[in-house]
$ cat work_23.pdb   # PDB, C-alpha atoms
ATOM      1  CA  MET A 206     -12.509   5.428 -27.640
ATOM      2  CA  ILE A 207      -9.373   5.018 -25.536
ATOM      3  CA  ALA A 208      -7.531   8.121 -24.297
ATOM      4  CA  ILE A 209      -3.754   7.730 -24.240
ATOM      5  CA  GLY A 210      -0.939   9.969 -23.100
ATOM      6  CA  SER A 211       2.651   9.865 -21.981
ATOM      7  CA  ASP A 212       5.643  11.963 -21.128
ATOM      8  CA  HIS A 213       8.993  11.638 -22.901
ATOM      9  CA  GLY A 214       9.910   8.584 -20.813
ATOM     10  CA  GLY A 215       6.832   6.740 -22.028
ATOM     11  CA  PHE A 216       6.758   8.068 -25.584
ATOM     12  CA  GLU A 217       8.184   5.012 -27.355
ATOM     13  CA  LEU A 218       5.914   2.617 -25.461
ATOM     14  CA  LYS A 219       2.912   4.884 -26.134
ATOM     15  CA  GLU A 220       3.650   4.711 -29.859
ATOM     16  CA  ALA A 221       3.821   0.895 -29.679
ATOM     17  CA  VAL A 222       0.529   0.744 -27.758
ATOM     18  CA  ILE A 223      -1.176   3.079 -30.260
ATOM     19  CA  ALA A 224      -0.005   0.854 -33.138
ATOM     20  CA  HIS A 225      -1.393  -2.178 -31.299
ATOM     21  CA  LEU A 226      -4.728  -0.474 -30.624
ATOM     22  CA  LYS A 227      -5.030   0.373 -34.316
ATOM     23  CA  GLU A 228      -4.222  -3.246 -35.257
ATOM     24  CA  ARG A 229      -7.037  -4.487 -33.011
ATOM     25  CA  GLY A 230      -9.430  -1.893 -34.427
ATOM     26  CA  THR A 231      -9.677   0.082 -31.190
ATOM     27  CA  ALA A 232     -10.037   3.836 -31.656
ATOM     28  CA  CYS A 233      -7.802   6.012 -29.534
ATOM     29  CA  LYS A 234      -7.157   9.691 -28.950
ATOM     30  CA  ASP A 235      -3.532  10.699 -28.378
ATOM     31  CA  PHE A 236      -3.192  13.466 -25.781
ATOM     32  CA  GLY A 237       0.602  13.701 -26.230
ATOM     33  CA  CYS A 238       3.440  14.073 -25.789
ATOM     34  CA  TYR A 239       4.478  13.833 -29.408
ATOM     35  CA  ASP A 240       8.255  13.378 -29.229
ATOM     36  CA  LYS A 241      11.053  12.465 -26.809
ATOM     37  CA  LYS A 242      11.786  16.055 -25.736
ATOM     38  CA  SER A 243      11.697  16.407 -21.944
ATOM     39  CA  CYS A 244       8.233  17.353 -20.681
ATOM     40  CA  ASP A 245       6.046  17.184 -17.570
ATOM     41  CA  TYR A 246       4.007  13.986 -17.079
ATOM     42  CA  PRO A 247       1.216  15.686 -15.056
ATOM     43  CA  VAL A 248       0.087  17.594 -18.160
ATOM     44  CA  TYR A 249      -0.588  14.378 -20.089
ATOM     45  CA  GLY A 250      -1.807  12.277 -17.174
ATOM     46  CA  ARG A 251      -4.387  14.916 -16.264
ATOM     47  CA  ALA A 252      -5.546  15.348 -19.892
ATOM     48  CA  VAL A 253      -6.208  11.618 -20.245
ATOM     49  CA  ALA A 254      -7.895  11.356 -16.836
ATOM     50  CA  GLU A 255     -10.156  14.332 -17.523
ATOM     51  CA  ALA A 256     -11.239  12.876 -20.868
ATOM     52  CA  VAL A 257     -12.218   9.645 -19.085
ATOM     53  CA  ALA A 258     -13.902  11.435 -16.163
ATOM     54  CA  LYS A 259     -15.955  13.599 -18.547
ATOM     55  CA  GLY A 260     -17.042  10.544 -20.539
ATOM     56  CA  GLU A 261     -15.283  11.701 -23.705
ATOM     57  CA  CYS A 262     -13.316   8.440 -23.703
ATOM     58  CA  GLU A 263     -14.350   5.075 -22.256
ATOM     59  CA  LYS A 264     -10.967   4.235 -20.733
ATOM     60  CA  GLY A 265      -7.474   5.668 -20.605
ATOM     61  CA  ILE A 266      -3.849   4.594 -20.747
ATOM     62  CA  VAL A 267      -1.077   6.724 -19.244
ATOM     63  CA  ILE A 268       2.647   6.050 -19.504
ATOM     64  CA  CYS A 269       5.767   7.569 -17.953
ATOM     65  CA  THR A 270       9.132   6.003 -17.174
ATOM     66  CA  THR A 271       7.923   4.112 -14.090
ATOM     67  CA  GLY A 272       4.175   4.701 -14.367
ATOM     68  CA  ILE A 273       4.146   6.004 -10.807
ATOM     69  CA  GLY A 274       4.014   9.777 -11.237
ATOM     70  CA  ILE A 275       1.530   9.712 -14.079
ATOM     71  CA  SER A 276      -0.752   7.290 -12.185
ATOM     72  CA  ILE A 277      -0.688   9.536  -9.118
ATOM     73  CA  THR A 278      -1.664  12.452 -11.353
ATOM     74  CA  ALA A 279      -4.517  10.550 -13.011
ATOM     75  CA  ASN A 280      -5.873   9.488  -9.626
ATOM     76  CA  LYS A 281      -6.214  13.144  -8.575
ATOM     77  CA  VAL A 282      -9.099  13.517 -11.065
ATOM     78  CA  LYS A 283     -12.487  12.754  -9.487
ATOM     79  CA  GLY A 284     -14.066   9.646 -10.982
ATOM     80  CA  VAL A 285     -10.809   8.124 -12.150
ATOM     81  CA  ARG A 286      -9.470   4.872 -10.788
ATOM     82  CA  CYS A 287      -6.024   4.460 -12.309
ATOM     83  CA  ALA A 288      -4.044   1.268 -11.724
ATOM     84  CA  LEU A 289      -0.338   0.831 -12.376
ATOM     85  CA  CYS A 290       0.138  -2.648 -13.822
ATOM     86  CA  ALA A 291       3.280  -4.521 -14.818
ATOM     87  CA  ASP A 292       1.653  -7.889 -15.562
ATOM     88  CA  THR A 293      -1.564  -9.224 -17.075
ATOM     89  CA  LEU A 294      -2.990 -10.630 -13.838
ATOM     90  CA  THR A 295      -3.037  -7.262 -12.074
ATOM     91  CA  ALA A 296      -4.596  -5.712 -15.199
ATOM     92  CA  GLN A 297      -7.388  -8.306 -15.095
ATOM     93  CA  MET A 298      -7.897  -8.036 -11.349
ATOM     94  CA  THR A 299      -8.074  -4.244 -11.319
ATOM     95  CA  ARG A 300     -10.842  -4.400 -13.895
ATOM     96  CA  LEU A 301     -12.689  -7.259 -12.149
ATOM     97  CA  HIS A 302     -12.501  -5.873  -8.616
ATOM     98  CA  ASN A 303     -11.798  -2.128  -8.884
ATOM     99  CA  ASP A 304     -13.482  -1.255 -12.196
ATOM    100  CA  ALA A 305     -10.317   0.723 -12.974
ATOM    101  CA  ASN A 306     -10.886   3.037 -15.911
ATOM    102  CA  VAL A 307      -7.297   4.144 -16.521
ATOM    103  CA  LEU A 308      -4.267   1.882 -16.926
ATOM    104  CA  ALA A 309      -0.781   3.146 -16.089
ATOM    105  CA  LEU A 310       2.344   1.578 -17.549
ATOM    106  CA  GLY A 311       6.039   2.185 -16.953
ATOM    107  CA  GLY A 312       7.886   2.668 -20.225
ATOM    108  CA  GLY A 313      11.168   1.827 -18.506
ATOM    109  CA  ILE A 314       9.670  -1.154 -16.673
ATOM    110  CA  VAL A 315       7.735  -3.189 -19.254
ATOM    111  CA  GLY A 316       8.681  -3.834 -22.855
ATOM    112  CA  PRO A 317       6.311  -3.491 -25.783
ATOM    113  CA  ASN A 318       5.333  -7.169 -26.013
ATOM    114  CA  LEU A 319       4.315  -7.370 -22.376
ATOM    115  CA  ALA A 320       2.693  -3.929 -22.522
ATOM    116  CA  VAL A 321       0.309  -4.907 -25.317
ATOM    117  CA  SER A 322      -0.651  -8.066 -23.403
ATOM    118  CA  ILE A 323      -1.372  -5.925 -20.336
ATOM    119  CA  VAL A 324      -3.419  -3.506 -22.462
ATOM    120  CA  ASP A 325      -5.427  -6.391 -23.952
ATOM    121  CA  ALA A 326      -6.108  -7.865 -20.507
ATOM    122  CA  PHE A 327      -7.210  -4.462 -19.220
ATOM    123  CA  LEU A 328      -9.491  -3.695 -22.173
ATOM    124  CA  GLU A 329     -10.993  -7.173 -22.473
ATOM    125  CA  THR A 330     -11.829  -7.737 -18.794
ATOM    126  CA  GLU A 331     -15.211  -6.536 -17.573
ATOM    127  CA  PHE A 332     -16.016  -5.370 -14.051
ATOM    128  CA  SER A 333     -17.460  -8.250 -12.009
ATOM    129  CA  GLU A 334     -20.453  -6.179 -10.798
ATOM    130  CA  GLU A 335     -20.312  -8.107  -7.491
ATOM    131  CA  GLU A 336     -21.938  -6.202  -4.635
ATOM    132  CA  LYS A 337     -18.830  -6.355  -2.452
ATOM    133  CA  HIS A 338     -16.728  -4.776  -5.205
ATOM    134  CA  GLN A 339     -19.337  -2.104  -5.895
ATOM    135  CA  ARG A 340     -19.414  -1.327  -2.159
ATOM    136  CA  ARG A 341     -15.627  -1.060  -2.011
ATOM    137  CA  ILE A 342     -15.509   1.255  -4.997
ATOM    138  CA  GLY A 343     -18.089   3.415  -3.251
ATOM    139  CA  LEU A 344     -15.853   3.518  -0.189
ATOM    140  CA  ILE A 345     -12.857   4.491  -2.361
ATOM    141  CA  GLU A 346     -14.904   7.334  -3.836
ATOM    142  CA  GLY A 347     -16.053   8.486  -0.397
ATOM    143  CA  GLN A 348     -19.674   7.381  -0.730
TER     144      GLN A 348
END

$ encode --input "work_23.pdb" --output "structure tokens"
Amino acid sequence: MIAIGSDHGGFELKEAVIAHLKERGTACKDFGCYDKKSCDYPVYGRAVAEAVAKGECEKGIVICTTGIGISITANKVKGVRCALCADTLTAQMTRLHNDANVLALGGGIVGPNLAVSIVDAFLETEFSEEEKHQRRIGLIEGQ
């Protein structure tokens, strides 16, 4: 199950990503927002991040206009490693090297076609399990 959430600036892209997830047969839980009315991205970024941190959802996707604010919010939740990606290579590399569990997208930065390619790269790439990457993740988490 993939947790997904956005603010008003990411709403349209979130809807496109949800449609894509359904097409690929990937279950998702929509944490809002549910329309284009102005709202606060931290509410939705935190809800997605907490669902991932608690193990309720395997991974998460958060979207605001730039992806910056909502990724900062998600990264405040212990156990979450959220990566803002605007291309498929960074989506692959953050999974391979950082075992990122939340993807952030900028609804005003990437269009729907690129966004679904980024989502696919993120969801289809496994963590490398290499010792050096495990060690670095431990250092990120303060271990």

$ atom_distance --input "work_23.pdb" --atom1 "CA of Ala208 in chain A" --atom2 "CA of Gly260 in chain A"
10.5 Å

$ resolve_selection --input "work_23.pdb" --expression "the PyMOL selection byres ((chain A and resi 319) around 12)" --output "list in words"
Leu218, Ala221, Val222, His225, Cys290, Ala291, Asp292, Thr293, Leu294, Ala296, Leu310, Gly311, Gly312, Ile314, Val315, Gly316, Pro317, Asn318, Ala320, Val321, Ser322, Ile323, Val324, Asp325 and Ala326 of chain A

$ write_last_selection --input "work_23.pdb" --atoms "C-alpha atoms" --output "compact mmCIF listing (two decimals), in the frame of the given file"
# COMPACT_ATOMS: atom_id res chain seq x y z
CA LEU A 218 5.91 2.62 -25.46
CA ALA A 221 3.82 0.90 -29.68
CA VAL A 222 0.53 0.74 -27.76
CA HIS A 225 -1.39 -2.18 -31.30
CA CYS A 290 0.14 -2.65 -13.82
CA ALA A 291 3.28 -4.52 -14.82
CA ASP A 292 1.65 -7.89 -15.56
CA THR A 293 -1.56 -9.22 -17.08
CA LEU A 294 -2.99 -10.63 -13.84
CA ALA A 296 -4.60 -5.71 -15.20
CA LEU A 310 2.34 1.58 -17.55
CA GLY A 311 6.04 2.18 -16.95
CA GLY A 312 7.89 2.67 -20.23
CA ILE A 314 9.67 -1.15 -16.67
CA VAL A 315 7.74 -3.19 -19.25
CA GLY A 316 8.68 -3.83 -22.86
CA PRO A 317 6.31 -3.49 -25.78
CA ASN A 318 5.33 -7.17 -26.01
CA ALA A 320 2.69 -3.93 -22.52
CA VAL A 321 0.31 -4.91 -25.32
CA SER A 322 -0.65 -8.07 -23.40
CA ILE A 323 -1.37 -5.92 -20.34
CA VAL A 324 -3.42 -3.51 -22.46
CA ASP A 325 -5.43 -6.39 -23.95
CA ALA A 326 -6.11 -7.86 -20.51

$ resolve_selection --input "work_23.pdb" --expression "the PyMOL selection byres ((chain A and resi 252) around 10)" --output "NGL selection string"
:A and (208-210 or 235-237 or 247-251 or 253-258 or 265 or 267 or 278-279 or 282)

$ resolve_selection --input "work_23.pdb" --expression "the PyMOL selection byres ((chain A and resi 340-344) around 10)" --output "CSV table (one decimal) with C-alpha atoms, in the frame of the given file"
chain,number,residue,atom,x,y,z
A,286,ARG,CA,-9.5,4.9,-10.8
A,302,HIS,CA,-12.5,-5.9,-8.6
A,303,ASN,CA,-11.8,-2.1,-8.9
A,304,ASP,CA,-13.5,-1.3,-12.2
A,305,ALA,CA,-10.3,0.7,-13.0
A,334,GLU,CA,-20.5,-6.2,-10.8
A,335,GLU,CA,-20.3,-8.1,-7.5
A,336,GLU,CA,-21.9,-6.2,-4.6
A,337,LYS,CA,-18.8,-6.4,-2.5
A,338,HIS,CA,-16.7,-4.8,-5.2
A,339,GLN,CA,-19.3,-2.1,-5.9
A,345,ILE,CA,-12.9,4.5,-2.4
A,346,GLU,CA,-14.9,7.3,-3.8
A,347,GLY,CA,-16.1,8.5,-0.4
A,348,GLN,CA,-19.7,7.4,-0.7

$ closest_residue --input "work_23.pdb" --among "A:Glu217, A:Cys238, A:Thr295, A:Ala309" --to "Ile273 in chain A" --atoms "all atoms listed in the file"
A:Ala309

$ residues_near_point --input "work_23.pdb" --point "(6.6, 13.4, -31.3)" --cutoff "10 Å" --atoms "all atoms listed in the file" --output "mmCIF file with C-alpha atoms, in the coordinates of the input"
data_model
loop_
_atom_site.group_PDB
_atom_site.id
_atom_site.type_symbol
_atom_site.label_atom_id
_atom_site.label_comp_id
_atom_site.auth_asym_id
_atom_site.auth_seq_id
_atom_site.Cartn_x
_atom_site.Cartn_y
_atom_site.Cartn_z
ATOM 1 C CA HIS A 213 8.993 11.638 -22.901
ATOM 2 C CA PHE A 216 6.758 8.068 -25.584
ATOM 3 C CA GLU A 217 8.184 5.012 -27.355
ATOM 4 C CA GLU A 220 3.650 4.711 -29.859
ATOM 5 C CA GLY A 237 0.602 13.701 -26.230
ATOM 6 C CA CYS A 238 3.440 14.073 -25.789
ATOM 7 C CA TYR A 239 4.478 13.833 -29.408
ATOM 8 C CA ASP A 240 8.255 13.378 -29.229
ATOM 9 C CA LYS A 241 11.053 12.465 -26.809
ATOM 10 C CA LYS A 242 11.786 16.055 -25.736
#

$ atom_distance --input "work_23.pdb" --atom1 "CA of Tyr246 in chain A" --atom2 "CA of Val307 in chain A"
15.0 Å

$ atom_distance --input "work_23.pdb" --atom1 "CA of Lys219 in chain A" --atom2 "CA of Gly272 in chain A"
11.8 Å

$ closest_residue --input "work_23.pdb" --among "A:Val285, A:Ile275, A:Ile268, A:Cys262" --to "Ala232 in chain A" --atoms "all atoms listed in the file"
A:Cys262

$ closest_residue --input "work_23.pdb" --among "A:Thr270, A:Gly214, A:Glu263, A:Lys283" --to "Ser243 in chain A" --atoms "only C-alpha atoms"
A:Gly214

$ axis_aligned_box --input "work_23.pdb" --around "range 342-348 of chain A" --padding-each-side "3 Å" --output "JSON"
{"center_x": -16.3, "center_y": 4.9, "center_z": -2.6, "size_x": 12.8, "size_y": 13.2, "size_z": 10.8}

$ closest_residue --input "work_23.pdb" --among "A:Cys244, A:Gly215, A:Met206, A:Lys264" --to "Gly230 in chain A" --atoms "only C-alpha atoms"
A:Met206

$ closest_residue --input "work_23.pdb" --among "A:Leu301, A:Ser276, A:Glu261, A:Ser211" --to "Leu289 in chain A" --atoms "all atoms listed in the file"
A:Ser276

$ closest_residue --input "work_23.pdb" --among "A:Cys287, A:Ala224, A:Gln297, A:Asp212" --to "Ile266 in chain A" --atoms "all atoms listed in the file"
A:Cys287

$ build_atoms --input "work_23.pdb" --residues "range 231-242 of chain A" --atoms "all heavy atoms" --output "PDB file, keeping the file's coordinate frame"
ATOM      1  N   THR A 231      -9.217  -0.710 -32.330  1.00  0.00           N
ATOM      2  CA  THR A 231      -9.677   0.082 -31.190  1.00  0.00           C
ATOM      3  C   THR A 231      -9.293   1.541 -31.417  1.00  0.00           C
ATOM      4  O   THR A 231      -8.111   1.859 -31.559  1.00  0.00           O
ATOM      5  CB  THR A 231      -9.040  -0.433 -29.889  1.00  0.00           C
ATOM      6  OG1 THR A 231      -9.361  -1.816 -29.725  1.00  0.00           O
ATOM      7  CG2 THR A 231      -9.531   0.346 -28.682  1.00  0.00           C
ATOM      8  N   ALA A 232     -10.291   2.412 -31.452  1.00  0.00           N
ATOM      9  CA  ALA A 232     -10.037   3.836 -31.656  1.00  0.00           C
ATOM     10  C   ALA A 232      -9.375   4.430 -30.432  1.00  0.00           C
ATOM     11  O   ALA A 232      -9.702   4.060 -29.301  1.00  0.00           O
ATOM     12  CB  ALA A 232     -11.345   4.561 -31.952  1.00  0.00           C
ATOM     13  N   CYS A 233      -8.445   5.341 -30.658  1.00  0.00           N
ATOM     14  CA  CYS A 233      -7.802   6.012 -29.534  1.00  0.00           C
ATOM     15  C   CYS A 233      -7.558   7.476 -29.868  1.00  0.00           C
ATOM     16  O   CYS A 233      -7.496   7.860 -31.028  1.00  0.00           O
ATOM     17  CB  CYS A 233      -6.498   5.319 -29.145  1.00  0.00           C
ATOM     18  SG  CYS A 233      -5.196   5.361 -30.365  1.00  0.00           S
ATOM     19  N   LYS A 234      -7.463   8.268 -28.817  1.00  0.00           N
ATOM     20  CA  LYS A 234      -7.157   9.691 -28.950  1.00  0.00           C
ATOM     21  C   LYS A 234      -5.858   9.948 -28.210  1.00  0.00           C
ATOM     22  O   LYS A 234      -5.746   9.672 -27.012  1.00  0.00           O
ATOM     23  CB  LYS A 234      -8.275  10.545 -28.371  1.00  0.00           C
ATOM     24  CG  LYS A 234      -8.015  12.031 -28.511  1.00  0.00           C
ATOM     25  CD  LYS A 234      -9.198  12.863 -28.092  1.00  0.00           C
ATOM     26  CE  LYS A 234      -8.869  14.345 -28.274  1.00  0.00           C
ATOM     27  NZ  LYS A 234      -9.980  15.192 -27.862  1.00  0.00           N
ATOM     28  N   ASP A 235      -4.864  10.457 -28.922  1.00  0.00           N
ATOM     29  CA  ASP A 235      -3.532  10.699 -28.378  1.00  0.00           C
ATOM     30  C   ASP A 235      -3.469  12.111 -27.794  1.00  0.00           C
ATOM     31  O   ASP A 235      -3.584  13.096 -28.513  1.00  0.00           O
ATOM     32  CB  ASP A 235      -2.507  10.529 -29.492  1.00  0.00           C
ATOM     33  CG  ASP A 235      -1.073  10.632 -29.019  1.00  0.00           C
ATOM     34  OD1 ASP A 235      -0.841  10.971 -27.838  1.00  0.00           O
ATOM     35  OD2 ASP A 235      -0.170  10.383 -29.846  1.00  0.00           O
ATOM     36  N   PHE A 236      -3.277  12.195 -26.477  1.00  0.00           N
ATOM     37  CA  PHE A 236      -3.192  13.466 -25.781  1.00  0.00           C
ATOM     38  C   PHE A 236      -1.749  13.956 -25.632  1.00  0.00           C
ATOM     39  O   PHE A 236      -1.493  14.920 -24.928  1.00  0.00           O
ATOM     40  CB  PHE A 236      -3.859  13.358 -24.404  1.00  0.00           C
ATOM     41  CG  PHE A 236      -5.359  13.338 -24.487  1.00  0.00           C
ATOM     42  CD1 PHE A 236      -6.053  12.162 -24.709  1.00  0.00           C
ATOM     43  CD2 PHE A 236      -6.082  14.515 -24.344  1.00  0.00           C
ATOM     44  CE1 PHE A 236      -7.433  12.151 -24.795  1.00  0.00           C
ATOM     45  CE2 PHE A 236      -7.465  14.520 -24.428  1.00  0.00           C
ATOM     46  CZ  PHE A 236      -8.138  13.338 -24.653  1.00  0.00           C
ATOM     47  N   GLY A 237      -0.792  13.289 -26.302  1.00  0.00           N
ATOM     48  CA  GLY A 237       0.602  13.701 -26.230  1.00  0.00           C
ATOM     49  C   GLY A 237       1.321  12.922 -25.144  1.00  0.00           C
ATOM     50  O   GLY A 237       0.724  12.105 -24.475  1.00  0.00           O
ATOM     51  N   CYS A 238       2.578  13.181 -25.047  1.00  0.00           N
ATOM     52  CA  CYS A 238       3.440  14.073 -25.789  1.00  0.00           C
ATOM     53  C   CYS A 238       3.695  13.468 -27.179  1.00  0.00           C
ATOM     54  O   CYS A 238       3.314  12.329 -27.438  1.00  0.00           O
ATOM     55  CB  CYS A 238       4.745  14.325 -25.032  1.00  0.00           C
ATOM     56  SG  CYS A 238       5.894  12.926 -24.932  1.00  0.00           S
ATOM     57  N   TYR A 239       4.337  14.243 -28.015  1.00  0.00           N
ATOM     58  CA  TYR A 239       4.478  13.833 -29.408  1.00  0.00           C
ATOM     59  C   TYR A 239       5.917  13.636 -29.862  1.00  0.00           C
ATOM     60  O   TYR A 239       6.176  13.440 -31.051  1.00  0.00           O
ATOM     61  CB  TYR A 239       3.757  14.848 -30.305  1.00  0.00           C
ATOM     62  CG  TYR A 239       2.302  14.994 -29.903  1.00  0.00           C
ATOM     63  CD1 TYR A 239       1.853  16.139 -29.266  1.00  0.00           C
ATOM     64  CD2 TYR A 239       1.396  13.954 -30.116  1.00  0.00           C
ATOM     65  CE1 TYR A 239       0.519  16.260 -28.875  1.00  0.00           C
ATOM     66  CE2 TYR A 239       0.069  14.063 -29.723  1.00  0.00           C
ATOM     67  CZ  TYR A 239      -0.350  15.214 -29.109  1.00  0.00           C
ATOM     68  OH  TYR A 239      -1.665  15.333 -28.708  1.00  0.00           O
ATOM     69  N   ASP A 240       6.854  13.665 -28.925  1.00  0.00           N
ATOM     70  CA  ASP A 240       8.255  13.378 -29.229  1.00  0.00           C
ATOM     71  C   ASP A 240       8.981  13.073 -27.913  1.00  0.00           C
ATOM     72  O   ASP A 240       8.357  13.037 -26.863  1.00  0.00           O
ATOM     73  CB  ASP A 240       8.923  14.528 -29.990  1.00  0.00           C
ATOM     74  CG  ASP A 240       8.867  15.857 -29.249  1.00  0.00           C
ATOM     75  OD1 ASP A 240       9.018  15.875 -28.005  1.00  0.00           O
ATOM     76  OD2 ASP A 240       8.659  16.891 -29.910  1.00  0.00           O
ATOM     77  N   LYS A 241      10.275  12.857 -27.993  1.00  0.00           N
ATOM     78  CA  LYS A 241      11.053  12.465 -26.809  1.00  0.00           C
ATOM     79  C   LYS A 241      11.694  13.649 -26.079  1.00  0.00           C
ATOM     80  O   LYS A 241      12.493  13.457 -25.180  1.00  0.00           O
ATOM     81  CB  LYS A 241      12.110  11.441 -27.219  1.00  0.00           C
ATOM     82  CG  LYS A 241      11.489  10.107 -27.621  1.00  0.00           C
ATOM     83  CD  LYS A 241      12.458   9.144 -28.249  1.00  0.00           C
ATOM     84  CE  LYS A 241      13.539   8.715 -27.314  1.00  0.00           C
ATOM     85  NZ  LYS A 241      14.382   7.638 -27.849  1.00  0.00           N
ATOM     86  N   LYS A 242      11.276  14.863 -26.418  1.00  0.00           N
ATOM     87  CA  LYS A 242      11.786  16.055 -25.736  1.00  0.00           C
ATOM     88  C   LYS A 242      11.243  16.071 -24.306  1.00  0.00           C
ATOM     89  O   LYS A 242      10.065  15.804 -24.076  1.00  0.00           O
ATOM     90  CB  LYS A 242      11.337  17.305 -26.490  1.00  0.00           C
ATOM     91  CG  LYS A 242      11.863  18.585 -25.917  1.00  0.00           C
ATOM     92  CD  LYS A 242      11.385  19.782 -26.731  1.00  0.00           C
ATOM     93  CE  LYS A 242      11.798  21.069 -26.046  1.00  0.00           C
ATOM     94  NZ  LYS A 242      11.192  22.229 -26.710  1.00  0.00           N
TER      95      LYS A 242
END
